[in-house]
Amino acid sequence: MPELSRFYNIVIKMIYSDIGQHNKPHFHVYYAEYEAAIGVDGELLAGSLPVKQLKLVQAWTAIHEEELYAAWNKAVRNEPFGKIAPLQ
């Protein structure tokens, strides 16, 4: 699962051809023992994150929404996508 970004000990990844379970553009977030699937629109689809980290991820998502959609479109076609700048 390729890594999209990493900031504040939060790792964000996107899976190729990952359209089965959630059926909407999304990415996977890992923080300590937490895991979550987040829609490109910032919606928590599955799993959980502490509130502070969820808000950081949602802020990052809002800033990089267009880049996330572009990465999603490439991922569903099994094409490589680049990294996205971290939240600073």
# chains A, B, ... in the order shown; residues from 1 in each chain; ligands from 1

$ select_by_dssp --residues "chain A" --states "strand (DSSP E)" --output "PyMOL selection string"
chain A and resi 3-7+10-13+26-31+34-39+44-47

$ residues_around --residues "Ile12 in chain A" --least-positions-apart "3" --cutoff "10 Å" --atoms "only C-alpha atoms" --output "PyMOL selection string"
chain A and resi 1-7+9+27-31+35-38+57+83-84+86

$ closest_residue --among "A:His26, A:Tyr16, A:Pro50, A:Ala59" --to "Pro80 in chain A" --atoms "only C-alpha atoms"
A:Tyr16

$ select_by_dssp --residues "chain A" --states "alpha helix (DSSP H)" --output "VMD selection string"
chain A and resid 51 to 63 65 to 76

$ closest_residue --among "A:Leu68, A:Phe81, A:Lys24, A:Gly42" --to "Leu56 in chain A" --atoms "only C-alpha atoms"
A:Gly42

$ closest_residue --among "A:Gly39, A:Glu33, A:Tyr69, A:Gln53" --to "Ile10 in chain A" --atoms "only C-alpha atoms"
A:Gln53
